[in-house]
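So this block is data_20.pdb, PDB, C-alpha atoms:
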MODEL        1
ATOM      1  CA  MET A   1     -93.925-208.984  31.746
ATOM      2  CA  GLU A   2     -95.838-211.361  34.008
ATOM      3  CA  TYR A   3     -99.369-212.566  33.234
ATOM      4  CA  ARG A   4    -102.120-213.748  35.544
ATOM      5  CA  ALA A   5    -105.522-215.343  35.085
ATOM      6  CA  PHE A   6    -108.342-212.803  34.930
ATOM      7  CA  GLY A   7    -111.131-214.436  36.863
ATOM      8  CA  ARG A   8    -113.282-216.864  34.890
ATOM      9  CA  THR A   9    -112.905-215.083  31.545
ATOM     10  CA  GLY A  10    -110.123-217.337  30.296
ATOM     11  CA  TRP A  11    -107.930-214.267  29.786
ATOM     12  CA  GLN A  12    -104.295-214.055  30.848
ATOM     13  CA  VAL A  13    -103.590-210.372  31.492
ATOM     14  CA  SER A  14    -100.399-208.402  32.043
ATOM     15  CA  THR A  15     -99.869-207.720  35.729
ATOM     16  CA  ILE A  16     -98.964-204.159  34.823
ATOM     17  CA  SER A  17    -101.683-202.938  32.498
ATOM     18  CA  LEU A  18    -102.626-199.410  31.426
ATOM     19  CA  GLY A  19    -105.195-196.989  32.804
ATOM     20  CA  ALA A  20    -106.428-194.559  30.153
ATOM     21  CA  TRP A  21    -108.128-191.905  32.307
ATOM     22  CA  ALA A  22    -105.169-189.550  31.930
ATOM     23  CA  ILE A  23    -105.265-189.565  28.126
ATOM     24  CA  GLY A  24    -108.915-188.543  28.250
ATOM     25  CA  SER A  25    -109.322-185.833  30.860
ATOM     26  CA  ALA A  26    -108.913-184.531  34.412
ATOM     27  CA  TRP A  27    -105.116-184.854  34.566
ATOM     28  CA  GLY A  28    -104.051-181.570  33.035
ATOM     29  CA  ALA A  29    -102.843-181.002  29.483
ATOM     30  CA  VAL A  30    -102.818-183.981  27.135
ATOM     31  CA  ASP A  31    -101.074-184.372  23.783
ATOM     32  CA  ASP A  32    -102.786-186.975  21.608
ATOM     33  CA  THR A  33     -99.633-187.836  19.664
ATOM     34  CA  GLU A  34     -97.761-188.508  22.886
ATOM     35  CA  SER A  35    -100.693-190.418  24.362
ATOM     36  CA  LEU A  36    -100.840-192.662  21.309
ATOM     37  CA  ALA A  37     -97.080-193.223  21.534
ATOM     38  CA  ALA A  38     -97.511-194.174  25.199
ATOM     39  CA  MET A  39    -100.115-196.797  24.311
ATOM     40  CA  HIS A  40     -97.918-198.192  21.535
ATOM     41  CA  ARG A  41     -95.044-198.450  24.006
ATOM     42  CA  ALA A  42     -97.296-200.295  26.442
ATOM     43  CA  LEU A  43     -98.131-202.926  23.827
ATOM     44  CA  ASP A  44     -94.453-203.181  22.877
ATOM     45  CA  LEU A  45     -93.655-204.003  26.510
ATOM     46  CA  GLY A  46     -96.262-206.759  26.738
ATOM     47  CA  VAL A  47     -99.239-204.878  28.164
ATOM     48  CA  ASN A  48    -102.410-206.524  26.865
ATOM     49  CA  LEU A  49    -105.156-204.752  28.820
ATOM     50  CA  ILE A  50    -106.220-201.105  28.707
ATOM     51  CA  ASP A  51    -108.833-199.685  31.066
ATOM     52  CA  THR A  52    -110.978-196.728  30.039
ATOM     53  CA  ALA A  53    -114.474-195.279  30.496
ATOM     54  CA  ASP A  54    -117.091-193.555  28.405
ATOM     55  CA  VAL A  55    -116.708-190.326  30.414
ATOM     56  CA  TYR A  56    -112.929-189.990  30.114
ATOM     57  CA  GLY A  57    -112.802-186.901  27.944
ATOM     58  CA  ASP A  58    -116.452-187.526  27.018
ATOM     59  CA  GLY A  59    -115.384-190.555  24.989
ATOM     60  CA  HIS A  60    -112.008-189.203  23.823
ATOM     61  CA  SER A  61    -110.094-191.936  25.639
ATOM     62  CA  GLU A  62    -112.192-194.655  23.985
ATOM     63  CA  ARG A  63    -111.712-193.082  20.568
ATOM     64  CA  MET A  64    -107.947-192.929  21.080
ATOM     65  CA  ILE A  65    -107.943-196.642  21.866
ATOM     66  CA  ALA A  66    -109.917-197.253  18.669
ATOM     67  CA  ARG A  67    -107.117-195.468  16.783
ATOM     68  CA  LEU A  68    -104.587-197.714  18.485
ATOM     69  CA  ARG A  69    -106.484-200.820  17.404
ATOM     70  CA  LYS A  70    -106.345-199.667  13.792
ATOM     71  CA  GLU A  71    -102.576-199.230  14.027
ATOM     72  CA  ARG A  72    -101.762-202.526  15.768
ATOM     73  CA  SER A  73    -102.376-206.088  14.695
ATOM     74  CA  ASP A  74    -101.518-207.642  18.069
ATOM     75  CA  PRO A  75    -104.628-208.267  20.176
ATOM     76  CA  PHE A  76    -105.305-206.628  23.519
ATOM     77  CA  TYR A  77    -108.274-206.382  25.854
ATOM     78  CA  VAL A  78    -110.210-203.166  26.436
ATOM     79  CA  ILE A  79    -112.225-202.688  29.588
ATOM     80  CA  THR A  80    -114.563-199.717  29.583
ATOM     81  CA  LYS A  81    -117.044-198.414  32.137
ATOM     82  CA  ALA A  82    -120.563-197.043  32.089
ATOM     83  CA  GLY A  83    -122.831-195.117  34.422
ATOM     84  CA  ARG A  84    -121.134-191.810  35.122
ATOM     85  CA  ARG A  85    -122.945-190.096  32.287
ATOM     86  CA  LEU A  86    -125.874-189.689  34.639
ATOM     87  CA  PRO A  87    -126.264-186.102  35.854
ATOM     88  CA  GLN A  88    -126.795-187.516  39.344
ATOM     89  CA  GLN A  89    -125.873-190.941  40.670
ATOM     90  CA  VAL A  90    -129.207-192.579  41.517
ATOM     91  CA  VAL A  91    -130.273-196.195  41.092
ATOM     92  CA  ASP A  92    -133.266-195.122  39.007
ATOM     93  CA  GLY A  93    -130.851-193.930  36.336
ATOM     94  CA  TYR A  94    -129.627-197.473  35.646
ATOM     95  CA  THR A  95    -132.518-198.352  33.376
ATOM     96  CA  ARG A  96    -132.471-200.739  30.441
ATOM     97  CA  GLU A  97    -132.763-197.750  28.112
ATOM     98  CA  ASN A  98    -129.813-195.907  29.652
ATOM     99  CA  LEU A  99    -127.556-198.939  29.970
ATOM    100  CA  THR A 100    -128.206-199.903  26.366
ATOM    101  CA  ALA A 101    -127.531-196.348  25.165
ATOM    102  CA  TRP A 102    -124.249-196.167  27.069
ATOM    103  CA  ILE A 103    -123.135-199.497  25.632
ATOM    104  CA  GLU A 104    -124.065-198.440  22.104
ATOM    105  CA  ARG A 105    -122.086-195.218  22.528
ATOM    106  CA  SER A 106    -118.981-197.115  23.671
ATOM    107  CA  LEU A 107    -119.349-199.571  20.799
ATOM    108  CA  HIS A 108    -119.319-196.570  18.441
ATOM    109  CA  ASN A 109    -116.380-194.867  20.185
ATOM    110  CA  LEU A 110    -114.312-198.055  20.213
ATOM    111  CA  ASP A 111    -115.402-198.949  16.673
ATOM    112  CA  THR A 112    -116.285-202.519  17.537
ATOM    113  CA  ASP A 113    -119.284-204.841  17.433
ATOM    114  CA  CYS A 114    -118.827-206.249  20.933
ATOM    115  CA  LEU A 115    -117.166-204.803  24.047
ATOM    116  CA  ASP A 116    -114.657-207.080  25.784
ATOM    117  CA  LEU A 117    -115.812-206.173  29.271
ATOM    118  CA  VAL A 118    -117.942-203.386  30.731
ATOM    119  CA  GLN A 119    -117.871-202.336  34.358
ATOM    120  CA  LEU A 120    -120.501-200.303  36.149
ATOM    121  CA  HIS A 121    -118.649-197.088  36.979
ATOM    122  CA  CYS A 122    -118.812-196.561  40.738
ATOM    123  CA  PRO A 123    -122.596-196.537  41.052
ATOM    124  CA  PRO A 124    -124.289-195.745  44.385
ATOM    125  CA  THR A 125    -124.020-198.408  47.057
ATOM    126  CA  GLU A 126    -127.757-199.089  46.913
ATOM    127  CA  LEU A 127    -127.495-200.316  43.333
ATOM    128  CA  TYR A 128    -125.749-203.503  44.454
ATOM    129  CA  TYR A 129    -128.983-204.509  46.152
ATOM    130  CA  HIS A 130    -130.960-204.283  42.894
ATOM    131  CA  GLN A 131    -130.528-207.542  41.019
ATOM    132  CA  GLU A 132    -132.594-206.280  38.084
ATOM    133  CA  VAL A 133    -129.660-204.089  36.986
ATOM    134  CA  PHE A 134    -127.416-207.127  36.707
ATOM    135  CA  ALA A 135    -130.171-208.950  34.818
ATOM    136  CA  ILE A 136    -130.059-206.166  32.210
ATOM    137  CA  LEU A 137    -126.320-206.730  31.848
ATOM    138  CA  ASP A 138    -126.976-210.448  31.400
ATOM    139  CA  ASP A 139    -129.343-209.574  28.574
ATOM    140  CA  LEU A 140    -126.702-207.370  26.924
ATOM    141  CA  VAL A 141    -124.295-210.312  27.035
ATOM    142  CA  GLN A 142    -126.929-212.533  25.442
ATOM    143  CA  ALA A 143    -127.497-209.890  22.775
ATOM    144  CA  GLY A 144    -123.808-209.995  21.866
ATOM    145  CA  LYS A 145    -123.151-206.377  22.837
ATOM    146  CA  ILE A 146    -120.678-207.252  25.614
ATOM    147  CA  ARG A 147    -118.665-210.398  26.349
ATOM    148  CA  PHE A 148    -118.318-209.947  30.096
ATOM    149  CA  TYR A 149    -119.218-207.447  32.782
ATOM    150  CA  GLY A 150    -117.993-206.368  36.176
ATOM    151  CA  VAL A 151    -117.987-203.385  38.516
ATOM    152  CA  SER A 152    -115.732-200.540  39.565
ATOM    153  CA  VAL A 153    -116.314-199.703  43.214
ATOM    154  CA  GLU A 154    -115.431-197.195  45.900
ATOM    155  CA  LYS A 155    -116.049-199.388  48.948
ATOM    156  CA  VAL A 156    -115.162-202.896  50.043
ATOM    157  CA  GLU A 157    -118.820-203.348  51.016
ATOM    158  CA  GLU A 158    -119.819-202.771  47.401
ATOM    159  CA  ALA A 159    -117.210-205.215  46.132
ATOM    160  CA  LEU A 160    -118.382-207.958  48.463
ATOM    161  CA  LYS A 161    -122.009-207.451  47.475
ATOM    162  CA  ALA A 162    -121.212-207.316  43.747
ATOM    163  CA  ILE A 163    -119.476-210.693  43.659
ATOM    164  CA  GLU A 164    -122.608-212.358  44.997
ATOM    165  CA  TYR A 165    -123.978-211.985  41.456
ATOM    166  CA  PRO A 166    -122.779-215.060  39.548
ATOM    167  CA  ASN A 167    -121.879-213.315  36.290
ATOM    168  CA  VAL A 168    -119.823-210.484  37.760
ATOM    169  CA  GLN A 169    -116.417-211.329  36.308
ATOM    170  CA  SER A 170    -114.283-208.510  37.684
ATOM    171  CA  VAL A 171    -113.989-205.863  40.369
ATOM    172  CA  GLN A 172    -111.941-202.714  39.969
ATOM    173  CA  ILE A 173    -111.033-201.269  43.370
ATOM    174  CA  ILE A 174    -108.596-198.755  44.820
ATOM    175  CA  PHE A 175    -105.696-200.729  46.258
ATOM    176  CA  ASN A 176    -102.257-199.356  47.004
ATOM    177  CA  MET A 177     -99.861-198.722  49.885
ATOM    178  CA  PHE A 178    -102.342-196.121  51.167
ATOM    179  CA  ARG A 179    -105.407-198.377  50.877
ATOM    180  CA  HIS A 180    -104.929-201.814  52.480
ATOM    181  CA  ARG A 181    -108.453-202.819  53.418
ATOM    182  CA  PRO A 182    -109.355-204.777  50.236
ATOM    183  CA  ALA A 183    -106.644-207.317  51.122
ATOM    184  CA  GLU A 184    -108.452-208.343  54.295
ATOM    185  CA  LEU A 185    -111.784-210.054  53.513
ATOM    186  CA  PHE A 186    -112.523-209.074  49.914
ATOM    187  CA  PHE A 187    -109.458-210.632  48.284
ATOM    188  CA  GLU A 188    -110.174-213.962  49.944
ATOM    189  CA  GLN A 189    -113.793-213.971  48.785
ATOM    190  CA  ALA A 190    -112.887-212.868  45.260
ATOM    191  CA  GLN A 191    -110.392-215.709  44.953
ATOM    192  CA  LYS A 192    -113.010-218.223  46.104
ATOM    193  CA  ARG A 193    -115.361-217.012  43.365
ATOM    194  CA  LYS A 194    -112.578-216.638  40.765
ATOM    195  CA  VAL A 195    -113.247-212.954  40.198
ATOM    196  CA  GLY A 196    -110.642-210.822  38.430
ATOM    197  CA  ILE A 197    -109.311-207.828  40.369
ATOM    198  CA  LEU A 198    -107.963-204.628  38.861
ATOM    199  CA  ALA A 199    -106.047-202.465  41.334
ATOM    200  CA  ARG A 200    -106.919-198.909  40.399
ATOM    201  CA  VAL A 201    -105.333-195.654  41.597
ATOM    202  CA  PRO A 202    -102.217-197.778  42.286
ATOM    203  CA  LEU A 203     -99.946-194.746  42.737
ATOM    204  CA  ALA A 204    -102.422-192.686  44.805
ATOM    205  CA  SER A 205    -102.841-190.023  42.108
ATOM    206  CA  GLY A 206     -99.087-189.631  41.787
ATOM    207  CA  MET A 207     -98.401-189.331  45.512
ATOM    208  CA  LEU A 208     -96.648-192.716  45.486
ATOM    209  CA  THR A 209     -94.282-191.654  42.731
ATOM    210  CA  GLY A 210     -92.405-189.592  45.310
ATOM    211  CA  LYS A 211     -92.292-186.653  42.904
ATOM    212  CA  LEU A 212     -94.828-184.433  44.685
ATOM    213  CA  THR A 213     -93.760-181.799  47.178
ATOM    214  CA  PRO A 214     -95.465-179.324  49.530
ATOM    215  CA  THR A 215     -95.218-176.718  46.752
ATOM    216  CA  SER A 216     -96.463-178.864  43.847
ATOM    217  CA  THR A 217     -99.244-177.226  41.857
ATOM    218  CA  PHE A 218    -101.827-178.742  39.527
ATOM    219  CA  ALA A 219    -103.731-177.378  36.548
ATOM    220  CA  SER A 220    -107.278-176.205  37.109
ATOM    221  CA  ASP A 221    -108.592-179.138  35.043
ATOM    222  CA  ASP A 222    -106.597-181.691  37.093
ATOM    223  CA  HIS A 223    -108.703-183.494  39.699
ATOM    224  CA  ARG A 224    -105.812-183.159  42.150
ATOM    225  CA  SER A 225    -106.653-179.472  42.135
ATOM    226  CA  PHE A 226    -110.448-179.516  42.122
ATOM    227  CA  ASN A 227    -111.449-182.727  43.949
ATOM    228  CA  ARG A 228    -109.323-182.870  47.099
ATOM    229  CA  HIS A 229    -112.385-182.846  49.319
ATOM    230  CA  GLY A 230    -114.769-184.682  47.000
ATOM    231  CA  GLU A 231    -116.169-181.588  45.310
ATOM    232  CA  SER A 232    -116.760-183.368  41.968
ATOM    233  CA  PHE A 233    -116.707-187.106  42.810
ATOM    234  CA  ASP A 234    -115.680-189.367  45.659
ATOM    235  CA  MET A 235    -112.678-187.850  47.444
ATOM    236  CA  GLY A 236    -111.128-191.311  47.655
ATOM    237  CA  GLU A 237    -110.306-190.994  43.953
ATOM    238  CA  THR A 238    -107.831-188.184  44.698
ATOM    239  CA  PHE A 239    -104.678-189.164  46.603
ATOM    240  CA  SER A 240    -106.686-192.227  47.750
ATOM    241  CA  GLY A 241    -108.552-189.989  50.181
ATOM    242  CA  VAL A 242    -105.425-189.194  52.190
ATOM    243  CA  ASP A 243    -104.721-185.643  53.342
ATOM    244  CA  TYR A 244    -101.987-184.184  51.100
ATOM    245  CA  GLU A 245     -99.536-183.296  53.854
ATOM    246  CA  THR A 246    -100.033-186.635  55.607
ATOM    247  CA  GLY A 247     -99.424-188.432  52.326
ATOM    248  CA  LEU A 248     -96.122-186.622  51.832
ATOM    249  CA  THR A 249     -95.016-187.579  55.332
ATOM    250  CA  ALA A 250     -95.844-191.254  54.739
ATOM    251  CA  VAL A 251     -94.052-191.198  51.386
ATOM    252  CA  GLU A 252     -90.856-189.972  53.035
ATOM    253  CA  ALA A 253     -90.992-192.956  55.393
ATOM    254  CA  ILE A 254     -91.578-195.374  52.494
ATOM    255  CA  LYS A 255     -88.686-193.934  50.474
ATOM    256  CA  ALA A 256     -86.237-195.344  53.007
ATOM    257  CA  LEU A 257     -87.294-198.858  51.931
ATOM    258  CA  VAL A 258     -86.786-198.425  48.182
ATOM    259  CA  PRO A 259     -83.710-200.247  46.836
ATOM    260  CA  GLU A 260     -81.089-198.384  44.849
ATOM    261  CA  GLY A 261     -81.910-198.199  41.161
ATOM    262  CA  VAL A 262     -85.647-198.619  41.741
ATOM    263  CA  THR A 263     -88.155-195.770  41.588
ATOM    264  CA  LEU A 264     -90.760-195.320  44.298
ATOM    265  CA  ALA A 265     -93.482-195.837  41.666
ATOM    266  CA  GLN A 266     -91.996-199.199  40.691
ATOM    267  CA  PHE A 267     -91.689-200.190  44.338
ATOM    268  CA  ALA A 268     -95.336-199.236  44.960
ATOM    269  CA  LEU A 269     -96.518-201.257  41.972
ATOM    270  CA  ARG A 270     -94.431-204.274  42.983
ATOM    271  CA  TRP A 271     -96.030-204.110  46.445
ATOM    272  CA  ILE A 272     -99.448-204.504  44.817
ATOM    273  CA  LEU A 273     -98.269-207.551  42.875
ATOM    274  CA  MET A 274     -97.285-209.235  46.146
ATOM    275  CA  PHE A 275    -100.991-210.053  46.499
ATOM    276  CA  PRO A 276    -101.880-213.030  44.253
ATOM    277  CA  ALA A 277    -105.584-212.122  44.265
ATOM    278  CA  VAL A 278    -104.761-209.059  42.139
ATOM    279  CA  SER A 279    -104.974-209.776  38.409
ATOM    280  CA  CYS A 280    -103.355-206.511  37.397
ATOM    281  CA  ALA A 281    -102.548-202.968  38.430
ATOM    282  CA  ILE A 282    -103.641-200.218  36.046
ATOM    283  CA  PRO A 283    -101.381-197.180  36.469
ATOM    284  CA  GLY A 284    -102.136-194.313  34.141
ATOM    285  CA  ALA A 285     -99.594-192.812  31.763
ATOM    286  CA  LYS A 286     -99.542-189.984  29.255
ATOM    287  CA  ARG A 287     -95.975-190.460  28.014
ATOM    288  CA  PRO A 288     -93.927-193.463  26.818
ATOM    289  CA  SER A 289     -91.352-192.862  29.570
ATOM    290  CA  GLN A 290     -94.063-193.252  32.222
ATOM    291  CA  VAL A 291     -95.207-196.504  30.628
ATOM    292  CA  GLN A 292     -91.649-197.828  30.622
ATOM    293  CA  ASP A 293     -91.132-196.943  34.280
ATOM    294  CA  ASN A 294     -94.388-198.629  35.277
ATOM    295  CA  CYS A 295     -93.817-201.788  33.273
ATOM    296  CA  ASP A 296     -90.336-202.260  34.697
ATOM    297  CA  ALA A 297     -92.019-202.914  38.052
ATOM    298  CA  ALA A 298     -93.134-206.339  36.808
ATOM    299  CA  ASP A 299     -89.488-207.426  36.561
ATOM    300  CA  LEU A 300     -88.533-206.509  40.128
ATOM    301  CA  PRO A 301     -87.903-209.248  42.707
ATOM    302  CA  PRO A 302     -90.524-209.770  45.410
ATOM    303  CA  LEU A 303     -90.454-207.455  48.395
ATOM    304  CA  THR A 304     -88.972-208.943  51.552
ATOM    305  CA  ALA A 305     -91.005-209.793  54.629
ATOM    306  CA  GLU A 306     -89.269-206.951  56.439
ATOM    307  CA  GLN A 307     -90.244-204.463  53.724
ATOM    308  CA  MET A 308     -93.851-205.658  53.787
ATOM    309  CA  ASP A 309     -93.991-205.396  57.584
ATOM    310  CA  THR A 310     -92.535-201.894  57.557
ATOM    311  CA  ILE A 311     -95.035-200.706  54.948
ATOM    312  CA  GLN A 312     -97.799-202.075  57.169
ATOM    313  CA  ARG A 313     -96.428-200.130  60.150
ATOM    314  CA  ILE A 314     -96.229-196.921  58.107
ATOM    315  CA  TYR A 315     -99.822-197.426  57.002
ATOM    316  CA  ASP A 316    -100.960-198.041  60.555
ATOM    317  CA  GLN A 317     -99.125-194.985  61.852
ATOM    318  CA  TYR A 318    -100.027-192.386  59.217
ATOM    319  CA  ILE A 319    -102.825-193.586  56.950
ATOM    320  CA  ARG A 320    -105.195-196.083  58.582
ATOM    321  CA  GLY A 321    -107.118-193.576  60.657
ATOM    322  CA  GLN A 322    -108.035-191.498  57.594
ATOM    323  CA  VAL A 323    -109.149-194.186  55.170
ATOM    324  CA  HIS A 324    -109.483-197.716  56.528
ATOM    325  CA  GLN A 325    -113.079-197.738  57.730
ATOM    326  CA  ARG A 326    -114.308-195.113  55.265
ATOM    327  CA  TRP A 327    -113.831-197.196  52.141
TER     328      TRP A 327
ENDMDL
END
Using structure tokens, write down the structure that the file contains.
Amino acid sequence: MEYRAFGRTGWQVSTISLGAWAIGSAWGAVDDTESLAAMHRALDLGVNLIDTADVYGDGHSERMIARLRKERSDPFYVITKAGRRLPQQVVDGYTRENLTAWIERSLHNLDTDCLDLVQLHCPPTELYYHQEVFAILDDLVQAGKIRFYGVSVEKVEEALKAIEYPNVQSVQIIFNMFRHRPAELFFEQAQKRKVGILARVPLASGMLTGKLTPTSTFASDDHRSFNRHGESFDMGETFSGVDYETGLTAVEAIKALVPEGVTLAQFALRWILMFPAVSCAIPGAKRPSQVQDNCDAADLPPLTAEQMDTIQRIYDQYIRGQVHQRW
């Protein structure tokens, strides 16, 4: 496992970390015993950061991580998120009372006295122009409720605005072979300010595993079934906002670049790690075998210049027009 500096926190985090959305909700059936085994396997392989949120399974994901902490003596960082408990995403909902209540709930779920890092969970764009919200987070740090805070965003615009606030330590943003835009201006600015970057949705909701087909079906409680057009939350969260059939076509072109003995998922994760601004990628996993496959990506050699150029051409041909300026 490789480790990189996480912004100004002083942390060194595993470049392949673990996203815990899937063990909470919205990815079909989940078996808690298997989920716990997957998290144990992640720690065994050197993962030292797990990303979750208070709404993943209405707190179930956080509570599962609390169980893991009781069973392991080796330390690891937990990043959780707050804000999506609002019935409607409006800036007025980010009050001191609400923020404090969300933090207290996560403290209870995670069975801890202080949260390692809390990120605002994809709030509306307008919020980034309200400095009073970030002042409340500063107060929660001073009160000892959280050590650090950051943001999880949908748009590059939001990321650039967020890092203007001096105590924003991290930005979680969709970045993968279907979403290149963050690497243009944002990565440069984040590096200048020493802000940690978590690449979320790194496998485009499973599209970049190469395992999906035109006839693949998804459970009714899987967001890949119910959110393809943004019916429940931003459509960019599902297949990175790319039309399903177009995504399959692009994947077939990418497959031709994958070396023998390497999975497409590993290749996609290694592509992300080619960008030094990225602190870590956070692929989700519900089974130990998925964790193993993801973590093996950290041991792959760098992609060649020719591979990187070809991926760029595939993006330009199939994907750019659908996503580049939207997010």
Quiz prompt | Within 8 Å of range 271-281 of chain A using all atoms listed in the file, minus same-chain residues under 6 positions, as a PyMOL selection string | solution = chain A and resi 4-7+13-18+175-177+183+187-188+190-191+196-200+202+302-303+308
Quiz item: Can you tell me, as an MDAnalysis selection string, which residues sit within 12 Å of (-112.8, -201.4, 15.6) in the file's frame, using all atoms listed in the file?
Solution: chainID A and resid 62:73 75 78 106:116
Quiz item: Given the choices A:Thr95, A:Gly19, A:Phe76, A:His121, which gets closest to Val55 in chain A if the distance is worked out from all atoms listed in the file?
Solution: A:His121
Residues matched by the PyMOL selection byres ((chain A and resi 291) around 10) as a tab-separated table (two decimals) with C-alpha atoms, in the frame of the given file:
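Written output follows (expr.tsv):
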chain	number	residue	atom	x	y	z
A	16	ILE	CA	-98.96	-204.16	34.82
A	17	SER	CA	-101.68	-202.94	32.50
A	18	LEU	CA	-102.63	-199.41	31.43
A	37	ALA	CA	-97.08	-193.22	21.53
A	38	ALA	CA	-97.51	-194.17	25.20
A	39	MET	CA	-100.12	-196.80	24.31
A	40	HIS	CA	-97.92	-198.19	21.54
A	41	ARG	CA	-95.04	-198.45	24.01
A	42	ALA	CA	-97.30	-200.30	26.44
A	43	LEU	CA	-98.13	-202.93	23.83
A	45	LEU	CA	-93.66	-204.00	26.51
A	47	VAL	CA	-99.24	-204.88	28.16
A	283	PRO	CA	-101.38	-197.18	36.47
A	284	GLY	CA	-102.14	-194.31	34.14
A	285	ALA	CA	-99.59	-192.81	31.76
A	286	LYS	CA	-99.54	-189.98	29.26
A	287	ARG	CA	-95.98	-190.46	28.01
A	288	PRO	CA	-93.93	-193.46	26.82
A	289	SER	CA	-91.35	-192.86	29.57
A	290	GLN	CA	-94.06	-193.25	32.22
A	292	GLN	CA	-91.65	-197.83	30.62
A	293	ASP	CA	-91.13	-196.94	34.28
A	294	ASN	CA	-94.39	-198.63	35.28
A	295	CYS	CA	-93.82	-201.79	33.27
A	296	ASP	CA	-90.34	-202.26	34.70
Quiz prompt | Explicit residue set for the PyMOL selection byres ((chain A and resi 103) around 12), as an MDAnalysis selection string | solution = chainID A and resid 53:54 59 80:83 85 96:102 104:120 136:137 140:141 143:147 149
Please write the residues from the selection above to a file, keeping C-alpha atoms, as a PDB file, in the frame of the given file.
ATOM      1  CA  ALA A  53    -114.474-195.279  30.496  1.00  0.00           C
ATOM      2  CA  ASP A  54    -117.091-193.555  28.405  1.00  0.00           C
ATOM      3  CA  GLY A  59    -115.384-190.555  24.989  1.00  0.00           C
ATOM      4  CA  THR A  80    -114.563-199.717  29.583  1.00  0.00           C
ATOM      5  CA  LYS A  81    -117.044-198.414  32.137  1.00  0.00           C
ATOM      6  CA  ALA A  82    -120.563-197.043  32.089  1.00  0.00           C
ATOM      7  CA  GLY A  83    -122.831-195.117  34.422  1.00  0.00           C
ATOM      8  CA  ARG A  85    -122.945-190.096  32.287  1.00  0.00           C
ATOM      9  CA  ARG A  96    -132.471-200.739  30.441  1.00  0.00           C
ATOM     10  CA  GLU A  97    -132.763-197.750  28.112  1.00  0.00           C
ATOM     11  CA  ASN A  98    -129.813-195.907  29.652  1.00  0.00           C
ATOM     12  CA  LEU A  99    -127.556-198.939  29.970  1.00  0.00           C
ATOM     13  CA  THR A 100    -128.206-199.903  26.366  1.00  0.00           C
ATOM     14  CA  ALA A 101    -127.531-196.348  25.165  1.00  0.00           C
ATOM     15  CA  TRP A 102    -124.249-196.167  27.069  1.00  0.00           C
ATOM     16  CA  GLU A 104    -124.065-198.440  22.104  1.00  0.00           C
ATOM     17  CA  ARG A 105    -122.086-195.218  22.528  1.00  0.00           C
ATOM     18  CA  SER A 106    -118.981-197.115  23.671  1.00  0.00           C
ATOM     19  CA  LEU A 107    -119.349-199.571  20.799  1.00  0.00           C
ATOM     20  CA  HIS A 108    -119.319-196.570  18.441  1.00  0.00           C
ATOM     21  CA  ASN A 109    -116.380-194.867  20.185  1.00  0.00           C
ATOM     22  CA  LEU A 110    -114.312-198.055  20.213  1.00  0.00           C
ATOM     23  CA  ASP A 111    -115.402-198.949  16.673  1.00  0.00           C
ATOM     24  CA  THR A 112    -116.285-202.519  17.537  1.00  0.00           C
ATOM     25  CA  ASP A 113    -119.284-204.841  17.433  1.00  0.00           C
ATOM     26  CA  CYS A 114    -118.827-206.249  20.933  1.00  0.00           C
ATOM     27  CA  LEU A 115    -117.166-204.803  24.047  1.00  0.00           C
ATOM     28  CA  ASP A 116    -114.657-207.080  25.784  1.00  0.00           C
ATOM     29  CA  LEU A 117    -115.812-206.173  29.271  1.00  0.00           C
ATOM     30  CA  VAL A 118    -117.942-203.386  30.731  1.00  0.00           C
ATOM     31  CA  GLN A 119    -117.871-202.336  34.358  1.00  0.00           C
ATOM     32  CA  LEU A 120    -120.501-200.303  36.149  1.00  0.00           C
ATOM     33  CA  ILE A 136    -130.059-206.166  32.210  1.00  0.00           C
ATOM     34  CA  LEU A 137    -126.320-206.730  31.848  1.00  0.00           C
ATOM     35  CA  LEU A 140    -126.702-207.370  26.924  1.00  0.00           C
ATOM     36  CA  VAL A 141    -124.295-210.312  27.035  1.00  0.00           C
ATOM     37  CA  ALA A 143    -127.497-209.890  22.775  1.00  0.00           C
ATOM     38  CA  GLY A 144    -123.808-209.995  21.866  1.00  0.00           C
ATOM     39  CA  LYS A 145    -123.151-206.377  22.837  1.00  0.00           C
ATOM     40  CA  ILE A 146    -120.678-207.252  25.614  1.00  0.00           C
ATOM     41  CA  ARG A 147    -118.665-210.398  26.349  1.00  0.00           C
ATOM     42  CA  TYR A 149    -119.218-207.447  32.782  1.00  0.00           C
TER      43      TYR A 149
END
Quiz item: Between A:Ile79, A:Met1, A:Ile163, A:Ile314, which one has atoms that come closest to Phe148 in chain A, using all atoms listed in the file?
Solution: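 Nearest candidate to Phe148 in chain A out of A:Ile79, A:Met1, A:Ile163, A:Ile314: A:Ile79.
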List the residues matched by the PyMOL selection byres ((chain A and resi 210) around 9) in the displayed structure as an mmCIF file with C-alpha atoms, keeping the file's coordinate frame, ordered by chain and then by residue number.
data_model
loop_
_atom_site.group_PDB
_atom_site.id
_atom_site.type_symbol
_atom_site.label_atom_id
_atom_site.label_comp_id
_atom_site.auth_asym_id
_atom_site.auth_seq_id
_atom_site.Cartn_x
_atom_site.Cartn_y
_atom_site.Cartn_z
ATOM 1 C CA GLY A 206 -99.087 -189.631 41.787
ATOM 2 C CA MET A 207 -98.401 -189.331 45.512
ATOM 3 C CA LEU A 208 -96.648 -192.716 45.486
ATOM 4 C CA THR A 209 -94.282 -191.654 42.731
ATOM 5 C CA LYS A 211 -92.292 -186.653 42.904
ATOM 6 C CA LEU A 212 -94.828 -184.433 44.685
ATOM 7 C CA THR A 213 -93.760 -181.799 47.178
ATOM 8 C CA LEU A 248 -96.122 -186.622 51.832
ATOM 9 C CA VAL A 251 -94.052 -191.198 51.386
ATOM 10 C CA GLU A 252 -90.856 -189.972 53.035
ATOM 11 C CA LYS A 255 -88.686 -193.934 50.474
ATOM 12 C CA THR A 263 -88.155 -195.770 41.588
ATOM 13 C CA LEU A 264 -90.760 -195.320 44.298
ATOM 14 C CA ALA A 265 -93.482 -195.837 41.666
#
